[in-house]
Amino acid sequence: RSTLFPYTTLFRSARFPTWRKMELAAAELAVPKTIVAICAAETAEAILSRAPHAVIEGMIIAGRTIGARKGILALQSCAAYTKRVCQKAIHDAESNRLIGSDLLNSGLRFDVEIQAVDEATPAGDESAILAALNRKSPRPTKRPPYPTQSGINGKPTVVLDVRTVCALPVIFRDGAAAFAVEGTRSSGGTQFIRIKTAGRSDALMEIPIGRRLDVLAMNTQPGRSEERRVGKECRS
């Protein structure tokens with residue numbers, strides 16, 4: 001927890017720091033707790049289809065941070081291919097005892113499952129997605145209570161975007177301060193974008209937050225890219 005909690009500007013979801021969500025959920029006494037990773041955007045789906053194990057690892061880290069034993073990959077409007085990639089990644093992780101009933105022979109449990117979210121659900125709205133996962137009308141709801149108090153089955157839940165979850169292994173390994181070296185003074189870290197240049201297919205790239213468009217355009221010219229592509233070179 002000491003690695004993820006202290007950095008107050010790190011990762012904001014709806015202007016609310018991710019570390020604060022985890023801190024609040026960790027303090028709740030009710031169990032069981034759940035991690036929900038939402039994939040409801042093209043960029044998030046591109047990450048998930050290319051680096052599913054980074055997302056699973058991030059869910060494990062988030063789960064251990066708050067004391068959750070379950071993670072849900074909430075897929076909204078995702079291609080069948082993405083679902084198959086996730087299913088294989090979960091199977092591989094279970095086979096290697098990275099998730100399941102005996103996490104790395106520790107006696108701890110953390111399961112990951114996939115749940116589809118109806119396309120009619122407001123895209124990316126965490127309260128509507130939680131309602132759908134709870135088999136209720138998929139509409140945004142008023143707060144409080146917040147998901148960290150009452151989410152999946154009325155228990156503490158942390159809802160994160162896939163784009164945030166996949167960065168948690170890097171933060172856990174290198175520390176929040178090292179991750180925040182890139183980016184701006186007010187928003188440290190990196191972000192993912194999809195970009196297409198003449199004569200080349202779409203690329204998913206990880207760039208520092210605040211990168212100027214003219215610099216980005218220059219760096220994405222053939223032979224001049226300084227940005228990281230998600231895939232074999234993905235630092236997660």
# chains A, B, ... in the order shown; residues from 1 in each chain; ligands from 1
>>> residues_around(residues="Val158 in chain A", least_positions_apart="3", cutoff="10 Å", atoms="only C-alpha atoms", output="PDB file with N, CA, C and O atoms, in the first residue's frame")
ATOM      1  N   THR A  18      -7.080   7.616  -7.797  1.00  0.00           N
ATOM      2  CA  THR A  18      -7.206   6.173  -7.648  1.00  0.00           C
ATOM      3  C   THR A  18      -6.695   5.711  -6.290  1.00  0.00           C
ATOM      4  O   THR A  18      -7.284   4.826  -5.658  1.00  0.00           O
ATOM      5  N   LYS A  21      -9.382   6.031  -3.747  1.00  0.00           N
ATOM      6  CA  LYS A  21     -10.391   4.972  -3.847  1.00  0.00           C
ATOM      7  C   LYS A  21      -9.921   3.719  -3.100  1.00  0.00           C
ATOM      8  O   LYS A  21     -10.664   3.109  -2.332  1.00  0.00           O
ATOM      9  N   MET A  22      -8.665   3.345  -3.352  1.00  0.00           N
ATOM     10  CA  MET A  22      -8.127   2.146  -2.724  1.00  0.00           C
ATOM     11  C   MET A  22      -8.032   2.307  -1.207  1.00  0.00           C
ATOM     12  O   MET A  22      -8.330   1.377  -0.449  1.00  0.00           O
ATOM     13  N   GLU A  23      -7.639   3.472  -0.762  1.00  0.00           N
ATOM     14  CA  GLU A  23      -7.504   3.718   0.667  1.00  0.00           C
ATOM     15  C   GLU A  23      -8.862   3.601   1.367  1.00  0.00           C
ATOM     16  O   GLU A  23      -8.983   2.986   2.435  1.00  0.00           O
ATOM     17  N   LEU A  24      -9.899   4.179   0.755  1.00  0.00           N
ATOM     18  CA  LEU A  24     -11.232   4.123   1.340  1.00  0.00           C
ATOM     19  C   LEU A  24     -11.768   2.698   1.372  1.00  0.00           C
ATOM     20  O   LEU A  24     -12.347   2.256   2.367  1.00  0.00           O
ATOM     21  N   ALA A  25     -11.568   1.959   0.272  1.00  0.00           N
ATOM     22  CA  ALA A  25     -12.051   0.575   0.212  1.00  0.00           C
ATOM     23  C   ALA A  25     -11.304  -0.311   1.201  1.00  0.00           C
ATOM     24  O   ALA A  25     -11.891  -1.197   1.833  1.00  0.00           O
ATOM     25  N   ALA A  26     -10.007  -0.077   1.338  1.00  0.00           N
ATOM     26  CA  ALA A  26      -9.204  -0.881   2.269  1.00  0.00           C
ATOM     27  C   ALA A  26      -9.659  -0.686   3.706  1.00  0.00           C
ATOM     28  O   ALA A  26      -9.564  -1.603   4.532  1.00  0.00           O
ATOM     29  N   LYS A  33     -14.744  -7.953  -0.882  1.00  0.00           N
ATOM     30  CA  LYS A  33     -14.493  -6.770  -1.689  1.00  0.00           C
ATOM     31  C   LYS A  33     -14.145  -7.191  -3.120  1.00  0.00           C
ATOM     32  O   LYS A  33     -13.713  -8.315  -3.354  1.00  0.00           O
ATOM     33  N   THR A  34     -14.324  -6.260  -4.055  1.00  0.00           N
ATOM     34  CA  THR A  34     -14.143  -6.588  -5.475  1.00  0.00           C
ATOM     35  C   THR A  34     -13.422  -5.472  -6.215  1.00  0.00           C
ATOM     36  O   THR A  34     -13.606  -4.289  -5.905  1.00  0.00           O
ATOM     37  N   ILE A  35     -12.607  -5.869  -7.181  1.00  0.00           N
ATOM     38  CA  ILE A  35     -11.996  -4.935  -8.133  1.00  0.00           C
ATOM     39  C   ILE A  35     -12.721  -5.072  -9.459  1.00  0.00           C
ATOM     40  O   ILE A  35     -12.884  -6.188  -9.976  1.00  0.00           O
ATOM     41  N   VAL A  36     -13.171  -3.965 -10.022  1.00  0.00           N
ATOM     42  CA  VAL A  36     -13.801  -3.978 -11.343  1.00  0.00           C
ATOM     43  C   VAL A  36     -12.944  -3.168 -12.296  1.00  0.00           C
ATOM     44  O   VAL A  36     -12.670  -1.992 -12.045  1.00  0.00           O
ATOM     45  N   ALA A  37     -12.492  -3.798 -13.383  1.00  0.00           N
ATOM     46  CA  ALA A  37     -11.721  -3.110 -14.419  1.00  0.00           C
ATOM     47  C   ALA A  37     -12.623  -2.933 -15.633  1.00  0.00           C
ATOM     48  O   ALA A  37     -13.048  -3.911 -16.251  1.00  0.00           O
ATOM     49  N   ALA A  62      -4.168  -4.379  -7.164  1.00  0.00           N
ATOM     50  CA  ALA A  62      -5.253  -3.592  -6.583  1.00  0.00           C
ATOM     51  C   ALA A  62      -6.038  -4.429  -5.575  1.00  0.00           C
ATOM     52  O   ALA A  62      -6.414  -3.949  -4.499  1.00  0.00           O
ATOM     53  N   GLY A  63      -6.264  -5.701  -5.918  1.00  0.00           N
ATOM     54  CA  GLY A  63      -7.000  -6.590  -5.028  1.00  0.00           C
ATOM     55  C   GLY A  63      -6.292  -6.810  -3.709  1.00  0.00           C
ATOM     56  O   GLY A  63      -6.898  -6.744  -2.634  1.00  0.00           O
ATOM     57  N   ILE A  66      -6.500  -3.664  -1.336  1.00  0.00           N
ATOM     58  CA  ILE A  66      -7.728  -3.375  -0.581  1.00  0.00           C
ATOM     59  C   ILE A  66      -8.265  -4.598   0.157  1.00  0.00           C
ATOM     60  O   ILE A  66      -9.225  -4.496   0.919  1.00  0.00           O
ATOM     61  N   ALA A  68      -9.283  -7.506  -1.527  1.00  0.00           N
ATOM     62  CA  ALA A  68     -10.307  -8.148  -2.358  1.00  0.00           C
ATOM     63  C   ALA A  68      -9.852  -9.537  -2.777  1.00  0.00           C
ATOM     64  O   ALA A  68      -8.659  -9.791  -2.942  1.00  0.00           O
ATOM     65  N   GLY A  71     -11.806 -10.208  -8.924  1.00  0.00           N
ATOM     66  CA  GLY A  71     -11.720  -9.140  -9.899  1.00  0.00           C
ATOM     67  C   GLY A  71     -12.659  -9.429 -11.061  1.00  0.00           C
ATOM     68  O   GLY A  71     -12.798 -10.576 -11.478  1.00  0.00           O
ATOM     69  N   GLU A 126     -19.389   4.463 -14.174  1.00  0.00           N
ATOM     70  CA  GLU A 126     -19.143   3.370 -13.241  1.00  0.00           C
ATOM     71  C   GLU A 126     -20.376   2.979 -12.446  1.00  0.00           C
ATOM     72  O   GLU A 126     -20.585   1.798 -12.144  1.00  0.00           O
ATOM     73  N   TYR A 146     -21.009   5.520  -2.131  1.00  0.00           N
ATOM     74  CA  TYR A 146     -20.017   5.392  -3.183  1.00  0.00           C
ATOM     75  C   TYR A 146     -19.673   3.916  -3.384  1.00  0.00           C
ATOM     76  O   TYR A 146     -19.878   3.082  -2.494  1.00  0.00           O
ATOM     77  N   PRO A 147     -19.122   3.580  -4.567  1.00  0.00           N
ATOM     78  CA  PRO A 147     -18.748   2.177  -4.811  1.00  0.00           C
ATOM     79  C   PRO A 147     -17.813   1.600  -3.754  1.00  0.00           C
ATOM     80  O   PRO A 147     -17.878   0.412  -3.451  1.00  0.00           O
ATOM     81  N   THR A 148     -16.941   2.434  -3.201  1.00  0.00           N
ATOM     82  CA  THR A 148     -16.026   1.940  -2.167  1.00  0.00           C
ATOM     83  C   THR A 148     -16.763   1.538  -0.898  1.00  0.00           C
ATOM     84  O   THR A 148     -16.213   0.838  -0.048  1.00  0.00           O
ATOM     85  N   GLN A 149     -18.024   1.987  -0.781  1.00  0.00           N
ATOM     86  CA  GLN A 149     -18.869   1.595   0.351  1.00  0.00           C
ATOM     87  C   GLN A 149     -19.847   0.491  -0.055  1.00  0.00           C
ATOM     88  O   GLN A 149     -20.059  -0.471   0.689  1.00  0.00           O
ATOM     89  N   SER A 150     -20.460   0.644  -1.213  1.00  0.00           N
ATOM     90  CA  SER A 150     -21.480  -0.300  -1.674  1.00  0.00           C
ATOM     91  C   SER A 150     -21.416  -0.413  -3.192  1.00  0.00           C
ATOM     92  O   SER A 150     -21.872   0.475  -3.907  1.00  0.00           O
ATOM     93  N   GLY A 151     -20.841  -1.525  -3.655  1.00  0.00           N
ATOM     94  CA  GLY A 151     -20.693  -1.729  -5.094  1.00  0.00           C
ATOM     95  C   GLY A 151     -21.276  -3.067  -5.509  1.00  0.00           C
ATOM     96  O   GLY A 151     -22.487  -3.264  -5.481  1.00  0.00           O
ATOM     97  N   ILE A 152     -20.416  -4.016  -5.864  1.00  0.00           N
ATOM     98  CA  ILE A 152     -20.863  -5.351  -6.245  1.00  0.00           C
ATOM     99  C   ILE A 152     -21.513  -6.037  -5.045  1.00  0.00           C
ATOM    100  O   ILE A 152     -20.902  -6.156  -3.983  1.00  0.00           O
TER     101      ILE A 152
END
>>> select_by_dssp(residues="range 98-141 of chain A", states="alpha helix (DSSP H)", output="number ranges by chain")
A: 126-133
>>> closest_residue(among="A:Leu160, A:Leu133, A:Ala167, A:Gly188", to="Phe16 in chain A", atoms="only C-alpha atoms")
A:Leu160
>>> residues_around(residues="Arg139 in chain A", least_positions_apart="3", cutoff="7 Å", atoms="only C-alpha atoms", output="tab-separated table (two decimals) with all heavy atoms, in the first residue's frame")
chain	number	residue	atom	x	y	z
A	121	THR	N	-25.81	0.40	-21.88
A	121	THR	CA	-25.35	1.04	-20.64
A	121	THR	C	-24.51	2.26	-20.97
A	121	THR	O	-23.64	2.18	-21.85
A	121	THR	CB	-24.51	0.05	-19.81
A	121	THR	OG1	-25.29	-1.12	-19.55
A	121	THR	CG2	-24.09	0.67	-18.49
A	128	ALA	N	-23.52	3.14	-13.48
A	128	ALA	CA	-24.40	2.40	-14.39
A	128	ALA	C	-23.85	1.01	-14.66
A	128	ALA	O	-24.59	0.02	-14.71
A	128	ALA	CB	-24.57	3.16	-15.71
A	131	ALA	N	-24.47	-1.13	-11.66
A	131	ALA	CA	-25.87	-1.54	-11.63
A	131	ALA	C	-26.10	-2.71	-12.58
A	131	ALA	O	-26.80	-3.68	-12.24
A	131	ALA	CB	-26.78	-0.37	-12.01
>>> residues_around(residues="Cys86 in chain A", least_positions_apart="5", cutoff="9 Å", atoms="only C-alpha atoms", output="VMD selection string")
chain A and resid 48 to 49 52 to 53 73 81 91 114
>>> atom_distance(atom1="CA of Gly100 in chain A", atom2="CA of Arg20 in chain A")
26.8 Å
>>> atom_distance(atom1="CA of Cys39 in chain A", atom2="CA of Val117 in chain A")
9.5 Å
>>> residues_around(residues="Ala116 in chain A", least_positions_apart="2", cutoff="12 Å", atoms="only C-alpha atoms", output="list of chain:residue names")
A:Ala37, A:Ile38, A:Cys39, A:Ala40, A:Ile72, A:Leu73, A:Ala74, A:Leu75, A:Gln76, A:Ser77, A:Cys78, A:Ala79, A:Ala80, A:Thr82, A:Lys83, A:Glu113, A:Ile114, A:Asp118, A:Glu119, A:Ala120, A:Thr121, A:Ile129, A:Leu130, A:Ala132, A:Leu133, A:Asn134, A:Arg135
>>> write_last_selection(atoms="N, CA and C atoms", output="PDB file, in the first residue's frame")
ATOM      1  N   ALA A  37     -12.492  -3.798 -13.383  1.00  0.00           N
ATOM      2  CA  ALA A  37     -11.721  -3.110 -14.419  1.00  0.00           C
ATOM      3  C   ALA A  37     -12.623  -2.933 -15.633  1.00  0.00           C
ATOM      4  N   ILE A  38     -12.919  -1.680 -15.965  1.00  0.00           N
ATOM      5  CA  ILE A  38     -13.841  -1.378 -17.054  1.00  0.00           C
ATOM      6  C   ILE A  38     -13.092  -1.224 -18.375  1.00  0.00           C
ATOM      7  N   CYS A  39     -13.593  -1.890 -19.393  1.00  0.00           N
ATOM      8  CA  CYS A  39     -13.076  -1.707 -20.746  1.00  0.00           C
ATOM      9  C   CYS A  39     -14.235  -1.235 -21.609  1.00  0.00           C
ATOM     10  N   ALA A  40     -14.310   0.069 -21.821  1.00  0.00           N
ATOM     11  CA  ALA A  40     -15.453   0.637 -22.530  1.00  0.00           C
ATOM     12  C   ALA A  40     -15.024   1.654 -23.586  1.00  0.00           C
ATOM     13  N   ILE A  72     -13.291  -8.383 -11.560  1.00  0.00           N
ATOM     14  CA  ILE A  72     -14.202  -8.524 -12.702  1.00  0.00           C
ATOM     15  C   ILE A  72     -13.697  -7.654 -13.847  1.00  0.00           C
ATOM     16  N   LEU A  73     -13.510  -8.268 -15.001  1.00  0.00           N
ATOM     17  CA  LEU A  73     -13.233  -7.528 -16.229  1.00  0.00           C
ATOM     18  C   LEU A  73     -14.579  -7.221 -16.871  1.00  0.00           C
ATOM     19  N   ALA A  74     -14.996  -5.983 -16.833  1.00  0.00           N
ATOM     20  CA  ALA A  74     -16.279  -5.581 -17.383  1.00  0.00           C
ATOM     21  C   ALA A  74     -16.078  -5.094 -18.813  1.00  0.00           C
ATOM     22  N   LEU A  75     -16.479  -5.911 -19.778  1.00  0.00           N
ATOM     23  CA  LEU A  75     -16.269  -5.605 -21.186  1.00  0.00           C
ATOM     24  C   LEU A  75     -17.536  -5.020 -21.799  1.00  0.00           C
ATOM     25  N   GLN A  76     -17.412  -3.806 -22.301  1.00  0.00           N
ATOM     26  CA  GLN A  76     -18.559  -3.148 -22.931  1.00  0.00           C
ATOM     27  C   GLN A  76     -18.246  -2.859 -24.393  1.00  0.00           C
ATOM     28  N   SER A  77     -19.058  -3.390 -25.284  1.00  0.00           N
ATOM     29  CA  SER A  77     -18.912  -3.168 -26.727  1.00  0.00           C
ATOM     30  C   SER A  77     -17.552  -3.627 -27.235  1.00  0.00           C
ATOM     31  N   CYS A  78     -17.033  -4.700 -26.659  1.00  0.00           N
ATOM     32  CA  CYS A  78     -15.738  -5.233 -27.077  1.00  0.00           C
ATOM     33  C   CYS A  78     -15.921  -6.343 -28.110  1.00  0.00           C
ATOM     34  N   ALA A  79     -14.930  -6.495 -28.970  1.00  0.00           N
ATOM     35  CA  ALA A  79     -14.977  -7.525 -29.997  1.00  0.00           C
ATOM     36  C   ALA A  79     -14.837  -8.911 -29.380  1.00  0.00           C
ATOM     37  N   ALA A  80     -15.346  -9.907 -30.094  1.00  0.00           N
ATOM     38  CA  ALA A  80     -15.240 -11.294 -29.625  1.00  0.00           C
ATOM     39  C   ALA A  80     -13.781 -11.699 -29.468  1.00  0.00           C
ATOM     40  N   THR A  82     -11.282  -9.851 -28.453  1.00  0.00           N
ATOM     41  CA  THR A  82     -10.778  -9.349 -27.171  1.00  0.00           C
ATOM     42  C   THR A  82     -11.191 -10.266 -26.027  1.00  0.00           C
ATOM     43  N   LYS A  83     -12.424 -10.734 -26.074  1.00  0.00           N
ATOM     44  CA  LYS A  83     -12.899 -11.649 -25.035  1.00  0.00           C
ATOM     45  C   LYS A  83     -12.103 -12.952 -25.051  1.00  0.00           C
ATOM     46  N   GLU A 113     -12.800 -12.890 -13.356  1.00  0.00           N
ATOM     47  CA  GLU A 113     -13.821 -13.357 -14.285  1.00  0.00           C
ATOM     48  C   GLU A 113     -14.182 -12.248 -15.262  1.00  0.00           C
ATOM     49  N   ILE A 114     -14.755 -12.654 -16.381  1.00  0.00           N
ATOM     50  CA  ILE A 114     -15.183 -11.711 -17.415  1.00  0.00           C
ATOM     51  C   ILE A 114     -16.693 -11.586 -17.372  1.00  0.00           C
ATOM     52  N   ASP A 118     -24.007  -4.623 -21.216  1.00  0.00           N
ATOM     53  CA  ASP A 118     -24.861  -4.298 -22.352  1.00  0.00           C
ATOM     54  C   ASP A 118     -24.432  -2.984 -23.009  1.00  0.00           C
ATOM     55  N   GLU A 119     -24.479  -2.957 -24.325  1.00  0.00           N
ATOM     56  CA  GLU A 119     -24.070  -1.765 -25.059  1.00  0.00           C
ATOM     57  C   GLU A 119     -24.945  -0.556 -24.734  1.00  0.00           C
ATOM     58  N   ALA A 120     -26.172  -0.805 -24.279  1.00  0.00           N
ATOM     59  CA  ALA A 120     -27.069   0.297 -23.958  1.00  0.00           C
ATOM     60  C   ALA A 120     -26.680   1.019 -22.672  1.00  0.00           C
ATOM     61  N   THR A 121     -25.806   0.402 -21.876  1.00  0.00           N
ATOM     62  CA  THR A 121     -25.353   1.036 -20.638  1.00  0.00           C
ATOM     63  C   THR A 121     -24.508   2.260 -20.973  1.00  0.00           C
ATOM     64  N   ILE A 129     -22.538   0.908 -14.808  1.00  0.00           N
ATOM     65  CA  ILE A 129     -21.914  -0.394 -15.045  1.00  0.00           C
ATOM     66  C   ILE A 129     -22.049  -1.286 -13.817  1.00  0.00           C
ATOM     67  N   LEU A 130     -21.883  -0.715 -12.630  1.00  0.00           N
ATOM     68  CA  LEU A 130     -22.073  -1.496 -11.406  1.00  0.00           C
ATOM     69  C   LEU A 130     -23.522  -1.984 -11.300  1.00  0.00           C
ATOM     70  N   ALA A 132     -25.496  -2.630 -13.779  1.00  0.00           N
ATOM     71  CA  ALA A 132     -25.637  -3.715 -14.744  1.00  0.00           C
ATOM     72  C   ALA A 132     -25.013  -5.004 -14.215  1.00  0.00           C
ATOM     73  N   LEU A 133     -23.837  -4.900 -13.591  1.00  0.00           N
ATOM     74  CA  LEU A 133     -23.170  -6.082 -13.046  1.00  0.00           C
ATOM     75  C   LEU A 133     -23.965  -6.678 -11.882  1.00  0.00           C
ATOM     76  N   ASN A 134     -24.745  -5.832 -11.199  1.00  0.00           N
ATOM     77  CA  ASN A 134     -25.609  -6.300 -10.118  1.00  0.00           C
ATOM     78  C   ASN A 134     -26.979  -6.733 -10.633  1.00  0.00           C
ATOM     79  N   ARG A 135     -27.122  -6.791 -11.976  1.00  0.00           N
ATOM     80  CA  ARG A 135     -28.360  -7.230 -12.630  1.00  0.00           C
ATOM     81  C   ARG A 135     -29.533  -6.308 -12.301  1.00  0.00           C
TER      82      ARG A 135
END
>>> atom_distance(atom1="CA of Ser127 in chain A", atom2="CA of Pro208 in chain A")
29.2 Å
>>> closest_residue(among="A:Lys142, A:Lys88, A:Arg173, A:Arg194", to="Ile56 in chain A", atoms="only C-alpha atoms")
A:Lys88
>>> select_by_dssp(residues="range 63-225 of chain A", states="strand (DSSP E or B)", output="ChimeraX atom specification")
/A:70-76,100,110-117,157-161,183,188,190-195,203-208
>>> decode(residues="range 156-166 of chain A", atoms="all heavy atoms", output="PDB file, in the first residue's frame")
ATOM      1  N   PRO A 156     -17.909  -3.312  -0.580  1.00  0.00           N
ATOM      2  CA  PRO A 156     -16.896  -2.374  -1.071  1.00  0.00           C
ATOM      3  C   PRO A 156     -16.282  -2.808  -2.397  1.00  0.00           C
ATOM      4  O   PRO A 156     -15.880  -3.958  -2.558  1.00  0.00           O
ATOM      5  CB  PRO A 156     -15.846  -2.375   0.051  1.00  0.00           C
ATOM      6  CG  PRO A 156     -16.614  -2.751   1.271  1.00  0.00           C
ATOM      7  CD  PRO A 156     -17.643  -3.739   0.802  1.00  0.00           C
ATOM      8  N   THR A 157     -16.227  -1.867  -3.324  1.00  0.00           N
ATOM      9  CA  THR A 157     -15.750  -2.150  -4.681  1.00  0.00           C
ATOM     10  C   THR A 157     -14.925  -0.981  -5.192  1.00  0.00           C
ATOM     11  O   THR A 157     -15.304   0.179  -4.994  1.00  0.00           O
ATOM     12  CB  THR A 157     -16.940  -2.389  -5.637  1.00  0.00           C
ATOM     13  OG1 THR A 157     -17.747  -3.471  -5.138  1.00  0.00           O
ATOM     14  CG2 THR A 157     -16.450  -2.721  -7.031  1.00  0.00           C
ATOM     15  N   VAL A 158     -13.819  -1.271  -5.823  1.00  0.00           N
ATOM     16  CA  VAL A 158     -13.024  -0.243  -6.486  1.00  0.00           C
ATOM     17  C   VAL A 158     -13.175  -0.426  -7.994  1.00  0.00           C
ATOM     18  O   VAL A 158     -12.896  -1.504  -8.523  1.00  0.00           O
ATOM     19  CB  VAL A 158     -11.540  -0.320  -6.087  1.00  0.00           C
ATOM     20  CG1 VAL A 158     -10.689   0.587  -6.981  1.00  0.00           C
ATOM     21  CG2 VAL A 158     -11.363   0.098  -4.631  1.00  0.00           C
ATOM     22  N   VAL A 159     -13.641   0.612  -8.658  1.00  0.00           N
ATOM     23  CA  VAL A 159     -13.858   0.582 -10.107  1.00  0.00           C
ATOM     24  C   VAL A 159     -12.766   1.401 -10.776  1.00  0.00           C
ATOM     25  O   VAL A 159     -12.583   2.580 -10.469  1.00  0.00           O
ATOM     26  CB  VAL A 159     -15.241   1.151 -10.471  1.00  0.00           C
ATOM     27  CG1 VAL A 159     -15.476   1.040 -11.980  1.00  0.00           C
ATOM     28  CG2 VAL A 159     -16.342   0.417  -9.709  1.00  0.00           C
ATOM     29  N   LEU A 160     -12.045   0.758 -11.696  1.00  0.00           N
ATOM     30  CA  LEU A 160     -10.944   1.416 -12.391  1.00  0.00           C
ATOM     31  C   LEU A 160     -11.046   1.170 -13.888  1.00  0.00           C
ATOM     32  O   LEU A 160     -11.614   0.169 -14.327  1.00  0.00           O
ATOM     33  CB  LEU A 160      -9.593   0.878 -11.893  1.00  0.00           C
ATOM     34  CG  LEU A 160      -9.292   1.019 -10.398  1.00  0.00           C
ATOM     35  CD1 LEU A 160      -8.029   0.250 -10.050  1.00  0.00           C
ATOM     36  CD2 LEU A 160      -9.155   2.486 -10.014  1.00  0.00           C
ATOM     37  N   ASP A 161     -10.490   2.063 -14.650  1.00  0.00           N
ATOM     38  CA  ASP A 161     -10.402   1.861 -16.098  1.00  0.00           C
ATOM     39  C   ASP A 161      -9.209   0.964 -16.406  1.00  0.00           C
ATOM     40  O   ASP A 161      -8.192   1.000 -15.702  1.00  0.00           O
ATOM     41  CB  ASP A 161     -10.233   3.214 -16.803  1.00  0.00           C
ATOM     42  CG  ASP A 161     -10.352   3.109 -18.303  1.00  0.00           C
ATOM     43  OD1 ASP A 161      -9.338   2.776 -18.955  1.00  0.00           O
ATOM     44  OD2 ASP A 161     -11.440   3.352 -18.834  1.00  0.00           O
ATOM     45  N   VAL A 162      -9.341   0.164 -17.449  1.00  0.00           N
ATOM     46  CA  VAL A 162      -8.247  -0.721 -17.868  1.00  0.00           C
ATOM     47  C   VAL A 162      -6.960   0.061 -18.075  1.00  0.00           C
ATOM     48  O   VAL A 162      -5.858  -0.416 -17.781  1.00  0.00           O
ATOM     49  CB  VAL A 162      -8.649  -1.475 -19.162  1.00  0.00           C
ATOM     50  CG1 VAL A 162      -7.419  -2.015 -19.892  1.00  0.00           C
ATOM     51  CG2 VAL A 162      -9.599  -2.619 -18.821  1.00  0.00           C
ATOM     52  N   ARG A 163      -7.074   1.294 -18.562  1.00  0.00           N
ATOM     53  CA  ARG A 163      -5.885   2.108 -18.827  1.00  0.00           C
ATOM     54  C   ARG A 163      -5.137   2.458 -17.550  1.00  0.00           C
ATOM     55  O   ARG A 163      -3.919   2.659 -17.571  1.00  0.00           O
ATOM     56  CB  ARG A 163      -6.301   3.378 -19.581  1.00  0.00           C
ATOM     57  CG  ARG A 163      -6.759   3.117 -21.001  1.00  0.00           C
ATOM     58  CD  ARG A 163      -7.453   4.302 -21.614  1.00  0.00           C
ATOM     59  NE  ARG A 163      -8.763   4.532 -21.014  1.00  0.00           N
ATOM     60  CZ  ARG A 163      -9.655   5.398 -21.509  1.00  0.00           C
ATOM     61  NH1 ARG A 163      -9.361   6.106 -22.587  1.00  0.00           N
ATOM     62  NH2 ARG A 163     -10.830   5.550 -20.917  1.00  0.00           N
ATOM     63  N   THR A 164      -5.849   2.538 -16.440  1.00  0.00           N
ATOM     64  CA  THR A 164      -5.213   2.763 -15.145  1.00  0.00           C
ATOM     65  C   THR A 164      -4.642   1.468 -14.585  1.00  0.00           C
ATOM     66  O   THR A 164      -3.512   1.425 -14.101  1.00  0.00           O
ATOM     67  CB  THR A 164      -6.226   3.356 -14.145  1.00  0.00           C
ATOM     68  OG1 THR A 164      -6.651   4.637 -14.614  1.00  0.00           O
ATOM     69  CG2 THR A 164      -5.613   3.489 -12.767  1.00  0.00           C
ATOM     70  N   VAL A 165      -5.441   0.399 -14.677  1.00  0.00           N
ATOM     71  CA  VAL A 165      -5.043  -0.886 -14.091  1.00  0.00           C
ATOM     72  C   VAL A 165      -3.728  -1.387 -14.671  1.00  0.00           C
ATOM     73  O   VAL A 165      -2.868  -1.896 -13.941  1.00  0.00           O
ATOM     74  CB  VAL A 165      -6.152  -1.940 -14.317  1.00  0.00           C
ATOM     75  CG1 VAL A 165      -5.696  -3.315 -13.833  1.00  0.00           C
ATOM     76  CG2 VAL A 165      -7.422  -1.532 -13.581  1.00  0.00           C
ATOM     77  N   CYS A 166      -3.534  -1.236 -15.977  1.00  0.00           N
ATOM     78  CA  CYS A 166      -2.333  -1.802 -16.604  1.00  0.00           C
ATOM     79  C   CYS A 166      -1.060  -1.081 -16.187  1.00  0.00           C
ATOM     80  O   CYS A 166       0.046  -1.590 -16.394  1.00  0.00           O
ATOM     81  CB  CYS A 166      -2.462  -1.805 -18.125  1.00  0.00           C
ATOM     82  SG  CYS A 166      -2.314  -0.189 -18.885  1.00  0.00           S
TER      83      CYS A 166
END
